[in-house]
Amino acid sequence: MKPEVLKTLRGAEDCGSGADVMTAEQVESMAGTRWAAGTVVYYPEADSTNVRLRHLAEEGAPHGLLAVADRQTAGRGRRGRVWESPGGSCIYMSLLLRPDIAPEKAPMLTLVMACSAAEGLRDCADADIRIKWPNDVIAGEKKLAGILTEMSSQTDRINHVIIGTGINVNIKSFPEELGKTATSLYLETGREVKRAAVIGAVMRRFEENYDIFMETEDMSGLMEKYGNLLINTGREVRILKPDSQYRAVAGGINRKGELLVRREDGAVEAVCAGEVSVRGASGYV
Ligand code: ATP
């Protein structure tokens, strides 16, 4: 499963529509970034772009390298869940980062990507795109994109962080069960968008947001815009822990990226993403 091409992203700003055969050349022409997706590795098919990129990272691949696949045969979500990854219509991409920060700060990069994906998708489509804390991108109360962050570290330093992002772009239908919680840009807007343009838009936003994050190594500089995109604010949510759950009303996030919730007894708590899942009072959001 060798990469088909190794190329550099450059260029154009538009998010035009039309036939969407994703090629490295197309991806190459879209980002215009300094380093995020500065080099792109394109796979017509990959088991998982996170897995492909991990191998490249172990061989010394640089900060900013982006692995993109047309389809995945073993796409993954959190805790061994499956990410449905059909070919021809969606984005599966993984970005390699080598930040000089403490390992415990790395999970916040997931929120930086959620913010960037939501903003980049808004740049490409006229839809009310939001974030479900901490890292799902939502449209019409359904999941438009998911993010899986994986890290290799030693006690006090990071070897690398891989942020995998799956985005449902032009897919027109989902298997019945998944369709209850999943959506695509096409299903929300009735319009197709070139995947390479979407990747470029998300990478431009990520590069900008990463720089802001690195100034303080926390969410201080991004809290306001993340908060404005957050769909949970003011809503009743269920906080699902491995062995228990409780209901609360969600507020915004704090500078560590934790979700602030008010429990039924009035106590305010900061929820750390880790092993927790958040759901709406009666549905997914
Ligand atoms: P959590 O809130 O704990 O992260 P999650 O359901 O959002 O829970 P993830 O690990 O982020 O879990 O994503 C995997 C889940 O996403 C799957 O269990 C499935 O429900 C859903 N899913 C799988 N493929 C897709 C897809 N292509 N588009 C949208 N949703 C998908």
# chains A, B, ... in the order shown; residues from 1 in each chain; ligands from 1
>>> residues_near_ligand(ligand="ligand 1", cutoff="7 Å", atoms="only C-alpha atoms and all ligand atoms", output="list in words")
Arg76, Gly77, Arg78, Arg79, Arg81, Val82, Trp83, Glu84, Ser85, Asp136, Lys143, Leu144, Ala145, Gly146, Ile147, Leu148, Gly166, Asn168, Leu178, Thr181, Ala182, Thr183, Val276, Ser277, Val278 and Arg279 of chain A
>>> write_last_selection(atoms="N, CA, C and O atoms", output="short mmCIF file (atom, residue, chain, number, x, y, z; two decimals), in the first residue's frame")
data_model
loop_
_atom_site.label_atom_id
_atom_site.label_comp_id
_atom_site.auth_asym_id
_atom_site.auth_seq_id
_atom_site.Cartn_x
_atom_site.Cartn_y
_atom_site.Cartn_z
N ARG A 76 -11.32 4.16 11.62
CA ARG A 76 -11.59 3.96 13.05
C ARG A 76 -12.13 5.22 13.71
O ARG A 76 -11.77 6.33 13.33
N GLY A 77 -12.96 5.01 14.74
CA GLY A 77 -13.37 6.10 15.63
C GLY A 77 -12.69 5.88 16.97
O GLY A 77 -11.71 5.13 17.05
N ARG A 78 -13.22 6.49 18.01
CA ARG A 78 -12.64 6.29 19.34
C ARG A 78 -12.98 4.89 19.85
O ARG A 78 -13.99 4.31 19.49
N ARG A 79 -12.15 4.41 20.77
CA ARG A 79 -12.38 3.13 21.45
C ARG A 79 -12.78 2.00 20.51
O ARG A 79 -13.78 1.30 20.71
N ARG A 81 -14.21 1.96 17.69
CA ARG A 81 -15.40 2.06 16.85
C ARG A 81 -15.00 2.19 15.39
O ARG A 81 -13.90 2.61 15.07
N VAL A 82 -15.94 1.87 14.52
CA VAL A 82 -15.67 1.91 13.07
C VAL A 82 -16.06 3.27 12.51
O VAL A 82 -17.07 3.85 12.90
N TRP A 83 -15.23 3.79 11.58
CA TRP A 83 -15.62 4.98 10.81
C TRP A 83 -15.90 4.52 9.39
O TRP A 83 -15.00 4.06 8.69
N GLU A 84 -17.16 4.59 8.98
CA GLU A 84 -17.53 4.15 7.63
C GLU A 84 -16.82 5.01 6.60
O GLU A 84 -16.91 6.24 6.66
N SER A 85 -16.10 4.38 5.65
CA SER A 85 -15.20 5.14 4.78
C SER A 85 -15.30 4.74 3.31
O SER A 85 -14.33 4.29 2.70
N ASP A 136 -16.69 16.56 17.57
CA ASP A 136 -17.52 16.17 16.42
C ASP A 136 -18.03 17.42 15.74
O ASP A 136 -18.40 18.38 16.39
N LYS A 143 -23.92 14.13 12.55
CA LYS A 143 -22.46 14.21 12.49
C LYS A 143 -21.96 14.32 11.04
O LYS A 143 -22.21 13.45 10.22
N LEU A 144 -21.25 15.41 10.80
CA LEU A 144 -20.70 15.69 9.47
C LEU A 144 -19.24 15.26 9.40
O LEU A 144 -18.75 14.87 8.35
N ALA A 145 -18.55 15.35 10.52
CA ALA A 145 -17.13 14.99 10.55
C ALA A 145 -16.75 14.49 11.93
O ALA A 145 -17.33 14.90 12.94
N GLY A 146 -15.79 13.57 11.96
CA GLY A 146 -15.28 13.04 13.22
C GLY A 146 -13.77 13.14 13.24
O GLY A 146 -13.13 13.17 12.18
N ILE A 147 -13.21 13.22 14.43
CA ILE A 147 -11.77 13.43 14.59
C ILE A 147 -11.21 12.42 15.57
O ILE A 147 -11.80 12.19 16.64
N LEU A 148 -10.11 11.80 15.18
CA LEU A 148 -9.45 10.84 16.07
C LEU A 148 -7.98 11.25 16.20
O LEU A 148 -7.24 11.22 15.23
N GLY A 166 -12.27 12.61 9.47
CA GLY A 166 -13.13 12.06 8.42
C GLY A 166 -14.25 13.05 8.17
O GLY A 166 -14.91 13.49 9.13
N ASN A 168 -17.70 13.87 5.80
CA ASN A 168 -18.68 13.41 4.81
C ASN A 168 -18.98 14.58 3.88
O ASN A 168 -19.65 15.53 4.27
N LEU A 178 -26.89 4.21 10.48
CA LEU A 178 -25.95 5.33 10.56
C LEU A 178 -26.61 6.64 10.12
O LEU A 178 -26.31 7.72 10.66
N THR A 181 -27.76 9.36 12.56
CA THR A 181 -26.86 10.30 13.25
C THR A 181 -25.83 10.94 12.32
O THR A 181 -25.10 11.82 12.74
N ALA A 182 -25.76 10.48 11.05
CA ALA A 182 -24.72 11.00 10.15
C ALA A 182 -25.33 11.83 9.02
O ALA A 182 -26.43 11.55 8.54
N THR A 183 -24.59 12.85 8.61
CA THR A 183 -25.01 13.65 7.46
C THR A 183 -23.79 14.02 6.63
O THR A 183 -22.66 13.68 7.00
N VAL A 276 -14.96 10.16 28.42
CA VAL A 276 -16.34 10.60 28.53
C VAL A 276 -16.95 10.83 27.15
O VAL A 276 -16.28 11.25 26.23
N SER A 277 -18.25 10.53 27.00
CA SER A 277 -18.99 10.90 25.79
C SER A 277 -20.13 11.81 26.19
O SER A 277 -20.69 11.67 27.29
N VAL A 278 -20.48 12.74 25.31
CA VAL A 278 -21.60 13.64 25.59
C VAL A 278 -22.70 13.38 24.58
O VAL A 278 -22.44 13.25 23.39
N ARG A 279 -23.93 13.29 25.06
CA ARG A 279 -25.09 13.14 24.18
C ARG A 279 -26.15 14.16 24.56
O ARG A 279 -26.14 14.69 25.67
#
>>> closest_atom_pairs(of="region 127-225 of chain A", to="region 229-253 of chain A", cutoff="6 Å", atoms="only C-alpha atoms", output="JSON lines")
{"residue": "A:Arg130", "atom": "CA", "partner": "A:Leu229", "partner_atom": "CA", "distance": 4.9}
{"residue": "A:Ile131", "atom": "CA", "partner": "A:Leu230", "partner_atom": "CA", "distance": 4.8}
{"residue": "A:Lys132", "atom": "CA", "partner": "A:Ile231", "partner_atom": "CA", "distance": 5.7}
>>> select_by_dssp(residues="region 201-270 of chain A", states="helix (DSSP H, G or I)", output="list in words")
Ala201, Val202, Met203, Arg204, Arg205, Phe206, Glu207, Glu208, Asn209, Tyr210, Asp211, Ile212, Phe213, Met214, Glu215, Thr216, Met223, Glu224, Lys225, Tyr226, Gly227, Asn228 and Leu229 of chain A
>>> closest_residue(among="A:Thr73, A:Thr110, A:Asn135, A:Asn228", to="Ala46 (chain A)", atoms="only C-alpha atoms")
A:Thr73
>>> closest_residue(among="A:Leu96, A:Ile138, A:Val40, A:Ala118", to="Val27 (chain A)", atoms="only C-alpha atoms")
A:Val40
>>> select_by_dssp(residues="region 70-279 of chain A", states="strand (DSSP E or B)", output="PyMOL selection string")
chain A and resi 70-72+76+82+90-97+129-132+136-139+142-153+158-168+182+230+236-240+245-253+259-263+268-271+277-279
>>> atom_distance(atom1="CA of Val198 (chain A)", atom2="CA of Ile158 (chain A)")
28.7 Å
>>> residues_around(residues="Trp35 (chain A)", least_positions_apart="3", cutoff="10 Å", atoms="only C-alpha atoms", output="short mmCIF file (atom, residue, chain, number, x, y, z; two decimals) with N, CA and C atoms, in the first residue's frame")
data_model
loop_
_atom_site.label_atom_id
_atom_site.label_comp_id
_atom_site.auth_asym_id
_atom_site.auth_seq_id
_atom_site.Cartn_x
_atom_site.Cartn_y
_atom_site.Cartn_z
N THR A 8 3.33 18.60 -3.03
CA THR A 8 3.24 19.78 -2.20
C THR A 8 1.95 20.54 -2.50
N LEU A 9 1.25 20.96 -1.43
CA LEU A 9 0.02 21.74 -1.62
C LEU A 9 0.34 23.19 -1.89
N ALA A 31 -4.36 24.44 -1.01
CA ALA A 31 -4.20 24.93 0.37
C ALA A 31 -3.53 26.29 0.49
N GLY A 32 -2.37 26.45 -0.12
CA GLY A 32 -1.69 27.73 0.00
C GLY A 32 -1.25 28.03 1.42
N GLY A 38 1.83 20.94 3.97
CA GLY A 38 2.92 21.40 3.09
C GLY A 38 3.35 20.28 2.18
N THR A 39 3.30 19.05 2.67
CA THR A 39 3.53 17.87 1.84
C THR A 39 2.35 16.93 2.01
N PRO A 62 8.04 14.75 8.42
CA PRO A 62 8.05 16.06 9.08
C PRO A 62 6.68 16.56 9.56
N HIS A 63 6.75 17.47 10.53
CA HIS A 63 5.60 18.26 11.00
C HIS A 63 4.86 18.82 9.78
N GLY A 64 3.55 18.65 9.79
CA GLY A 64 2.74 19.24 8.71
C GLY A 64 2.41 18.29 7.58
N LEU A 65 3.02 17.10 7.58
CA LEU A 65 2.72 16.15 6.49
C LEU A 65 1.27 15.69 6.60
N LEU A 66 0.58 15.64 5.47
CA LEU A 66 -0.83 15.22 5.45
C LEU A 66 -0.98 13.96 4.62
N MET A 203 -7.24 23.09 6.17
CA MET A 203 -5.81 23.25 6.49
C MET A 203 -5.45 24.71 6.74
N ARG A 204 -6.01 25.61 5.95
CA ARG A 204 -5.72 27.03 6.17
C ARG A 204 -6.20 27.46 7.55
N GLU A 207 -3.93 25.90 10.31
CA GLU A 207 -2.62 26.56 10.45
C GLU A 207 -2.74 27.83 11.30
#
>>> closest_residue(among="A:Ser116, A:Ser29, A:Ser282, A:Gln72", to="Asn50 (chain A)", atoms="only C-alpha atoms")
A:Gln72
>>> closest_residue(among="A:Ser173, A:Thr23, A:Asn209, A:Ser220", to="Leu109 (chain A)", atoms="only C-alpha atoms")
A:Asn209
>>> closest_residue(among="A:Leu260, A:Gly179, A:Ile91, A:Ala61", to="Ile162 (chain A)", atoms="only C-alpha atoms")
A:Ala61
>>> closest_residue(among="A:Tyr92, A:Phe206, A:Phe174, A:Tyr186", to="Asp126 (chain A)", atoms="only C-alpha atoms")
A:Tyr186
>>> residues_around(residues="Leu121 (chain A)", least_positions_apart="5", cutoff="8 Å", atoms="only C-alpha atoms", output="ChimeraX atom specification")
/A:129,198,201-202
>>> decode(residues="region 220-234 of chain A", atoms="all heavy atoms", output="PDB file, in the first residue's frame")
ATOM      1  N   SER A 220      -6.942  29.346  25.468  1.00  0.00           N
ATOM      2  CA  SER A 220      -7.281  30.747  25.794  1.00  0.00           C
ATOM      3  C   SER A 220      -7.664  31.563  24.562  1.00  0.00           C
ATOM      4  O   SER A 220      -8.685  32.240  24.552  1.00  0.00           O
ATOM      5  CB  SER A 220      -6.102  31.459  26.456  1.00  0.00           C
ATOM      6  OG  SER A 220      -5.635  30.735  27.526  1.00  0.00           O
ATOM      7  N   GLY A 221      -6.833  31.508  23.542  1.00  0.00           N
ATOM      8  CA  GLY A 221      -7.040  32.354  22.365  1.00  0.00           C
ATOM      9  C   GLY A 221      -8.128  31.844  21.433  1.00  0.00           C
ATOM     10  O   GLY A 221      -8.511  32.546  20.489  1.00  0.00           O
ATOM     11  N   LEU A 222      -8.604  30.636  21.658  1.00  0.00           N
ATOM     12  CA  LEU A 222      -9.601  30.044  20.749  1.00  0.00           C
ATOM     13  C   LEU A 222     -10.949  29.811  21.435  1.00  0.00           C
ATOM     14  O   LEU A 222     -11.920  29.434  20.789  1.00  0.00           O
ATOM     15  CB  LEU A 222      -9.088  28.699  20.205  1.00  0.00           C
ATOM     16  CG  LEU A 222      -7.848  28.769  19.315  1.00  0.00           C
ATOM     17  CD1 LEU A 222      -7.307  27.361  19.046  1.00  0.00           C
ATOM     18  CD2 LEU A 222      -8.156  29.466  17.988  1.00  0.00           C
ATOM     19  N   MET A 223     -10.969  30.072  22.775  1.00  0.00           N
ATOM     20  CA  MET A 223     -12.177  29.774  23.555  1.00  0.00           C
ATOM     21  C   MET A 223     -13.416  30.467  23.011  1.00  0.00           C
ATOM     22  O   MET A 223     -14.483  29.876  22.932  1.00  0.00           O
ATOM     23  CB  MET A 223     -11.979  30.235  24.999  1.00  0.00           C
ATOM     24  CG  MET A 223     -11.527  29.147  25.917  1.00  0.00           C
ATOM     25  SD  MET A 223     -10.860  29.845  27.427  1.00  0.00           S
ATOM     26  CE  MET A 223     -12.286  30.551  28.199  1.00  0.00           C
ATOM     27  N   GLU A 224     -13.232  31.722  22.610  1.00  0.00           N
ATOM     28  CA  GLU A 224     -14.401  32.487  22.199  1.00  0.00           C
ATOM     29  C   GLU A 224     -14.980  31.929  20.902  1.00  0.00           C
ATOM     30  O   GLU A 224     -16.179  31.671  20.803  1.00  0.00           O
ATOM     31  CB  GLU A 224     -14.026  33.961  22.036  1.00  0.00           C
ATOM     32  CG  GLU A 224     -15.254  34.815  21.917  1.00  0.00           C
ATOM     33  CD  GLU A 224     -14.912  36.282  21.763  1.00  0.00           C
ATOM     34  OE1 GLU A 224     -13.863  36.712  22.297  1.00  0.00           O
ATOM     35  OE2 GLU A 224     -15.692  36.979  21.091  1.00  0.00           O
ATOM     36  N   LYS A 225     -14.094  31.712  19.896  1.00  0.00           N
ATOM     37  CA  LYS A 225     -14.694  31.224  18.648  1.00  0.00           C
ATOM     38  C   LYS A 225     -15.140  29.775  18.749  1.00  0.00           C
ATOM     39  O   LYS A 225     -16.152  29.400  18.169  1.00  0.00           O
ATOM     40  CB  LYS A 225     -13.831  31.503  17.425  1.00  0.00           C
ATOM     41  CG  LYS A 225     -12.515  30.866  17.298  1.00  0.00           C
ATOM     42  CD  LYS A 225     -11.984  31.274  15.902  1.00  0.00           C
ATOM     43  CE  LYS A 225     -10.554  30.898  15.693  1.00  0.00           C
ATOM     44  NZ  LYS A 225     -10.124  31.253  14.334  1.00  0.00           N
ATOM     45  N   TYR A 226     -14.421  28.973  19.525  1.00  0.00           N
ATOM     46  CA  TYR A 226     -14.882  27.597  19.750  1.00  0.00           C
ATOM     47  C   TYR A 226     -16.261  27.647  20.425  1.00  0.00           C
ATOM     48  O   TYR A 226     -17.189  26.938  20.028  1.00  0.00           O
ATOM     49  CB  TYR A 226     -13.870  26.840  20.615  1.00  0.00           C
ATOM     50  CG  TYR A 226     -14.211  25.380  20.818  1.00  0.00           C
ATOM     51  CD1 TYR A 226     -13.618  24.392  20.046  1.00  0.00           C
ATOM     52  CD2 TYR A 226     -15.130  24.991  21.792  1.00  0.00           C
ATOM     53  CE1 TYR A 226     -13.942  23.042  20.229  1.00  0.00           C
ATOM     54  CE2 TYR A 226     -15.456  23.653  21.989  1.00  0.00           C
ATOM     55  CZ  TYR A 226     -14.857  22.690  21.210  1.00  0.00           C
ATOM     56  OH  TYR A 226     -15.179  21.358  21.399  1.00  0.00           O
ATOM     57  N   GLY A 227     -16.379  28.512  21.430  1.00  0.00           N
ATOM     58  CA  GLY A 227     -17.648  28.646  22.164  1.00  0.00           C
ATOM     59  C   GLY A 227     -18.783  29.076  21.251  1.00  0.00           C
ATOM     60  O   GLY A 227     -19.916  28.592  21.376  1.00  0.00           O
ATOM     61  N   ASN A 228     -18.497  29.974  20.297  1.00  0.00           N
ATOM     62  CA  ASN A 228     -19.539  30.423  19.383  1.00  0.00           C
ATOM     63  C   ASN A 228     -19.995  29.314  18.437  1.00  0.00           C
ATOM     64  O   ASN A 228     -21.100  29.359  17.904  1.00  0.00           O
ATOM     65  CB  ASN A 228     -19.046  31.617  18.556  1.00  0.00           C
ATOM     66  CG  ASN A 228     -18.939  32.875  19.402  1.00  0.00           C
ATOM     67  OD1 ASN A 228     -19.611  32.992  20.436  1.00  0.00           O
ATOM     68  ND2 ASN A 228     -18.083  33.795  18.997  1.00  0.00           N
ATOM     69  N   LEU A 229     -19.125  28.335  18.205  1.00  0.00           N
ATOM     70  CA  LEU A 229     -19.478  27.223  17.307  1.00  0.00           C
ATOM     71  C   LEU A 229     -20.107  26.042  18.056  1.00  0.00           C
ATOM     72  O   LEU A 229     -20.643  25.126  17.441  1.00  0.00           O
ATOM     73  CB  LEU A 229     -18.212  26.720  16.586  1.00  0.00           C
ATOM     74  CG  LEU A 229     -17.613  27.656  15.533  1.00  0.00           C
ATOM     75  CD1 LEU A 229     -16.185  27.236  15.175  1.00  0.00           C
ATOM     76  CD2 LEU A 229     -18.483  27.669  14.269  1.00  0.00           C
ATOM     77  N   LEU A 230     -20.014  26.076  19.377  1.00  0.00           N
ATOM     78  CA  LEU A 230     -20.430  24.924  20.182  1.00  0.00           C
ATOM     79  C   LEU A 230     -21.957  24.777  20.196  1.00  0.00           C
ATOM     80  O   LEU A 230     -22.664  25.709  20.544  1.00  0.00           O
ATOM     81  CB  LEU A 230     -19.906  25.125  21.611  1.00  0.00           C
ATOM     82  CG  LEU A 230     -19.922  23.936  22.547  1.00  0.00           C
ATOM     83  CD1 LEU A 230     -19.061  22.799  22.002  1.00  0.00           C
ATOM     84  CD2 LEU A 230     -19.393  24.370  23.925  1.00  0.00           C
ATOM     85  N   ILE A 231     -22.435  23.589  19.821  1.00  0.00           N
ATOM     86  CA  ILE A 231     -23.886  23.375  19.750  1.00  0.00           C
ATOM     87  C   ILE A 231     -24.479  23.052  21.125  1.00  0.00           C
ATOM     88  O   ILE A 231     -25.660  23.247  21.377  1.00  0.00           O
ATOM     89  CB  ILE A 231     -24.224  22.247  18.735  1.00  0.00           C
ATOM     90  CG1 ILE A 231     -25.678  22.337  18.298  1.00  0.00           C
ATOM     91  CG2 ILE A 231     -23.865  20.865  19.267  1.00  0.00           C
ATOM     92  CD1 ILE A 231     -26.003  21.486  17.084  1.00  0.00           C
ATOM     93  N   ASN A 232     -23.631  22.569  22.032  1.00  0.00           N
ATOM     94  CA  ASN A 232     -24.136  22.104  23.329  1.00  0.00           C
ATOM     95  C   ASN A 232     -24.537  23.225  24.282  1.00  0.00           C
ATOM     96  O   ASN A 232     -25.337  23.003  25.194  1.00  0.00           O
ATOM     97  CB  ASN A 232     -23.077  21.249  24.040  1.00  0.00           C
ATOM     98  CG  ASN A 232     -22.506  20.168  23.169  1.00  0.00           C
ATOM     99  OD1 ASN A 232     -21.433  20.328  22.598  1.00  0.00           O
ATOM    100  ND2 ASN A 232     -23.228  19.071  23.033  1.00  0.00           N
ATOM    101  N   THR A 233     -23.991  24.406  24.074  1.00  0.00           N
ATOM    102  CA  THR A 233     -24.192  25.485  25.047  1.00  0.00           C
ATOM    103  C   THR A 233     -25.667  25.733  25.349  1.00  0.00           C
ATOM    104  O   THR A 233     -26.466  25.930  24.425  1.00  0.00           O
ATOM    105  CB  THR A 233     -23.543  26.788  24.531  1.00  0.00           C
ATOM    106  OG1 THR A 233     -22.207  26.491  24.157  1.00  0.00           O
ATOM    107  CG2 THR A 233     -23.561  27.873  25.594  1.00  0.00           C
ATOM    108  N   GLY A 234     -26.001  25.706  26.626  1.00  0.00           N
ATOM    109  CA  GLY A 234     -27.369  25.980  27.052  1.00  0.00           C
ATOM    110  C   GLY A 234     -28.293  24.778  26.921  1.00  0.00           C
ATOM    111  O   GLY A 234     -29.466  24.845  27.281  1.00  0.00           O
TER     112      GLY A 234
END
